[in-house]
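Asks: This is the structure I have questions about; it appears just below.
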Amino acid sequence: MKVAALQMVTSTDWEHNRAQAWQLLQQAAAAGAELALLPEYFCLMGQRDTDKLALAEPFGEGPMQQFLADSARSLGLWIVGGTLPLQGPDAEHVYNSSCVYNPQGDCVLRYDKMHLFCYANERESYDEHRVIAPGNTPAQFDLPSRDGQRWRIGLSICYDLRFPELYRLHAQAGAHLMLVPSAFTYTTGQAHWELLLRARAVENLAYVLAAAQGGQHENGRRTWGHSMAINPWGEVMALQASESGVVLADLDWAQMQRWRQQLPALQHRVC
């Protein structure tokens, strides 16, 4: 199965970001991808954290969700919409949500980011708790691919990557592929991004596909990029370091099963 991770440098303007996302989705479809993954905050990187509040949509309606549904239907793609802000439990918080659309344009699954990023050093400070409410439910979906296999896919978002127990839950649920739409900062990405992605793949003998923000944003934030696909043996199959682009990879079901037979670590778990 061919998959695509779409790397963006999202701006403060939704219309600009929609055009950028549409162009990348078209490229992925033209290259034969069955699944396209957008990055976290593909719709907006605001000047302030609170800009998300004004953009928030009720689940099931709104221009951002409509764009994803229309794009999936038009291109015949499975699309995982990075993240977008959905209305939260109160007026001061939104959910940071991944919505999955099938090629008919139906939203088949929603996942709300469970772990909220908090980091501060002498130069930068982030705290997603200020405007984001955490989710509480892991989520997987099944994708019947053109190769005749039924791929089970586990969802995660950015900071979730530091919590291996979430990915082990996906593995226990039978996941073959883990998705990681992200907006890692340049600082933390340079230090830990690839290390964590490859660890999640190796631990769970699963493919990992990560779509990132990758560049200098209008709001002053700098993101690490390095969108990539990783195989169950921990090898980086494809990568884009910076700026916008499409990372393509062919997932090999038979090879994944061989690795799992040769090293049956998932069967050896005792705790």
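By convention in this document, the chains of the structure tokens carry letters A, B, ... by their order, each chain's residues are numbered from 1, and ligands are numbered from 1 in the order they are shown.
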Identify all residues of stretch 89-194 of chain A in strand (DSSP E) (DSSP on the backbone) and supply them as a PyMOL selection string.
Replies: chain A and resi 89-90+93-101+107-112+118-120+125-127+132-133+140-144+150-155+177-182
Asks: Do a neighbour search on A:Tyr207 at 12 Å with only C-alpha atoms, toss out local chain neighbours closer than 6 positions, and write the hits as a PyMOL selection string.
Replies: chain A and resi 1-3+151-154+167+170-171+175-180+197-201+228-237+249-253+255-257+259-260
Asks: Figure out the distance between atom CA of A:Ala139 and atom CA of A:His268, please, to one decimal in Å.
Replies: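 Interatomic distance here is 24.1 Å.
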Asks: Report the distance between atom CA of A:Glu15 and atom CA of A:Gln66 in Å, rounded to one decimal place.
Replies: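 Taking atom CA of A:Glu15 as the start and atom CA of A:Gln66 as the end point, the length is 13.3 Å.
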Asks: Excluding same-chain residues fewer than 5 positions from A:Leu37, what lies within 9 Å of it counting only C-alpha atoms, as a ChimeraX atom specification?
Replies: /A:3-7,25,78-82,179-181,209-211
Asks: Can you write just those residues out, C-alpha atoms, as a PDB file, in the first residue's frame?
Replies:
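Saved as result22.pdb:
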ATOM      1  CA  VAL A   3       0.999   6.123   1.668  1.00  0.00           C
ATOM      2  CA  ALA A   4       1.877   9.813   1.759  1.00  0.00           C
ATOM      3  CA  ALA A   5       2.934  12.137   4.576  1.00  0.00           C
ATOM      4  CA  LEU A   6       2.320  15.770   3.657  1.00  0.00           C
ATOM      5  CA  GLN A   7       4.695  18.332   5.106  1.00  0.00           C
ATOM      6  CA  LEU A  25      -3.180  16.119  -1.638  1.00  0.00           C
ATOM      7  CA  TRP A  78      -8.287   8.104   2.500  1.00  0.00           C
ATOM      8  CA  ILE A  79      -7.366  11.379   4.228  1.00  0.00           C
ATOM      9  CA  VAL A  80      -6.353  11.844   7.841  1.00  0.00           C
ATOM     10  CA  GLY A  81      -6.779  15.549   8.385  1.00  0.00           C
ATOM     11  CA  GLY A  82      -3.747  16.249  10.511  1.00  0.00           C
ATOM     12  CA  LEU A 179       0.125   7.762  12.206  1.00  0.00           C
ATOM     13  CA  VAL A 180       1.797  10.786  13.820  1.00  0.00           C
ATOM     14  CA  PRO A 181       0.677  14.194  12.495  1.00  0.00           C
ATOM     15  CA  LEU A 209       4.057   7.506   9.090  1.00  0.00           C
ATOM     16  CA  ALA A 210       4.733  11.004  10.423  1.00  0.00           C
ATOM     17  CA  ALA A 211       3.604  14.248   8.754  1.00  0.00           C
TER      18      ALA A 211
END
Asks: Using only C-alpha atoms, find the one residue out of A:Ala206, A:Gln172, A:Gln216, A:Arg222 that sits nearest to A:Gly189.
Replies: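 Ranked by minimum distance to A:Gly189, first place goes to A:Arg222.
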Asks: Point out the residue among A:Glu92, A:Asp142, A:Glu124, A:Glu203 with the least atom-to-atom distance to A:Thr185, counting only C-alpha atoms.
Replies: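 Among A:Glu92, A:Asp142, A:Glu124, A:Glu203, it is A:Glu124 that comes nearest to A:Thr185.
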Asks: Could you write out, as a PyMOL selection string, all the residues of stretch 106-248 of chain A that DSSP marks as helix (DSSP H, G or I)?
Replies: chain A and resi 128-130+158-162+164-172+186-204
Asks: Only N, CA and C atoms, please: the residues just picked out, written as a compact mmCIF listing (two decimals), in the first residue's frame.
Replies:
# COMPACT_ATOMS: atom_id res chain seq x y z
N GLU A 128 0.01 23.74 25.89
CA GLU A 128 -1.23 23.52 25.16
C GLU A 128 -2.45 23.48 26.07
N HIS A 129 -2.24 23.26 27.36
CA HIS A 129 -3.37 23.22 28.29
C HIS A 129 -4.12 24.55 28.33
N ARG A 130 -3.49 25.64 27.90
CA ARG A 130 -4.14 26.95 27.98
C ARG A 130 -5.41 26.99 27.16
N CYS A 158 1.47 14.19 17.58
CA CYS A 158 2.61 14.96 18.08
C CYS A 158 3.12 14.50 19.45
N TYR A 159 2.80 15.23 20.52
CA TYR A 159 3.35 14.96 21.86
C TYR A 159 2.99 13.56 22.35
N ASP A 160 1.93 12.96 21.81
CA ASP A 160 1.63 11.56 22.12
C ASP A 160 2.83 10.67 21.90
N LEU A 161 3.71 11.07 20.99
CA LEU A 161 4.86 10.25 20.59
C LEU A 161 5.75 9.89 21.78
N ARG A 162 5.72 10.70 22.82
CA ARG A 162 6.57 10.45 23.99
C ARG A 162 5.95 9.47 24.98
N PRO A 164 4.85 5.75 25.04
CA PRO A 164 4.82 4.49 24.29
C PRO A 164 3.64 3.61 24.63
N GLU A 165 3.03 3.82 25.80
CA GLU A 165 1.89 2.98 26.16
C GLU A 165 0.71 3.15 25.20
N LEU A 166 0.56 4.34 24.62
CA LEU A 166 -0.51 4.54 23.64
C LEU A 166 -0.29 3.66 22.41
N TYR A 167 0.96 3.61 21.94
CA TYR A 167 1.27 2.82 20.75
C TYR A 167 1.19 1.32 21.05
N ARG A 168 1.51 0.93 22.27
CA ARG A 168 1.35 -0.47 22.63
C ARG A 168 -0.12 -0.86 22.65
N LEU A 169 -0.99 0.06 23.09
CA LEU A 169 -2.42 -0.20 23.01
C LEU A 169 -2.86 -0.42 21.56
N HIS A 170 -2.31 0.40 20.65
CA HIS A 170 -2.61 0.20 19.24
C HIS A 170 -2.14 -1.18 18.77
N ALA A 171 -0.93 -1.56 19.17
CA ALA A 171 -0.38 -2.85 18.76
C ALA A 171 -1.23 -3.99 19.31
N GLN A 172 -1.67 -3.87 20.53
CA GLN A 172 -2.52 -4.90 21.13
C GLN A 172 -3.86 -5.00 20.40
N TYR A 186 11.48 23.09 16.62
CA TYR A 186 12.82 22.83 16.11
C TYR A 186 13.71 22.26 17.23
N THR A 187 13.58 22.81 18.43
CA THR A 187 14.42 22.40 19.56
C THR A 187 14.20 20.95 19.93
N THR A 188 12.95 20.57 20.19
CA THR A 188 12.67 19.20 20.62
C THR A 188 12.75 18.22 19.46
N GLY A 189 12.43 18.70 18.26
CA GLY A 189 12.52 17.82 17.11
C GLY A 189 13.94 17.42 16.79
N GLN A 190 14.84 18.38 16.83
CA GLN A 190 16.25 18.10 16.55
C GLN A 190 16.79 17.07 17.54
N ALA A 191 16.33 17.15 18.78
CA ALA A 191 16.84 16.26 19.81
C ALA A 191 16.22 14.86 19.77
N HIS A 192 14.91 14.77 19.52
CA HIS A 192 14.21 13.52 19.82
C HIS A 192 13.31 12.96 18.74
N TRP A 193 12.97 13.71 17.70
CA TRP A 193 11.93 13.33 16.75
C TRP A 193 12.19 11.96 16.11
N GLU A 194 13.28 11.83 15.39
CA GLU A 194 13.53 10.57 14.69
C GLU A 194 13.74 9.42 15.67
N LEU A 195 14.43 9.68 16.77
CA LEU A 195 14.66 8.66 17.78
C LEU A 195 13.35 8.07 18.28
N LEU A 196 12.38 8.92 18.60
CA LEU A 196 11.10 8.46 19.12
C LEU A 196 10.29 7.72 18.06
N LEU A 197 10.27 8.26 16.83
CA LEU A 197 9.52 7.60 15.77
C LEU A 197 10.06 6.20 15.49
N ARG A 198 11.36 6.08 15.40
CA ARG A 198 11.94 4.77 15.11
C ARG A 198 11.72 3.81 16.27
N ALA A 199 11.74 4.32 17.51
CA ALA A 199 11.48 3.46 18.66
C ALA A 199 10.06 2.92 18.63
N ARG A 200 9.09 3.78 18.31
CA ARG A 200 7.69 3.31 18.26
C ARG A 200 7.52 2.24 17.19
N ALA A 201 8.22 2.37 16.06
CA ALA A 201 8.13 1.36 15.01
C ALA A 201 8.73 0.03 15.48
N VAL A 202 9.93 0.09 16.06
CA VAL A 202 10.63 -1.12 16.47
C VAL A 202 9.89 -1.82 17.60
N GLU A 203 9.43 -1.06 18.59
CA GLU A 203 8.75 -1.65 19.75
C GLU A 203 7.51 -2.44 19.34
N ASN A 204 6.84 -1.95 18.31
CA ASN A 204 5.55 -2.53 17.95
C ASN A 204 5.57 -3.28 16.62
Asks: For the atom pair atom CA of A:Gly105 and atom CA of A:Ser74, what is the interatomic distance in Å to one decimal place?
Replies: 8.2 Å
Asks: Identify, on the basis of only C-alpha atoms, every residue whose closest approach to A:Gly215 does not exceed 12 Å; exclude the query and any residue fewer than 3 positions from it along the same chain; express the result as a ChimeraX atom specification.
Replies: /A:7-11,45,183-186,189,212,218-227,240-245
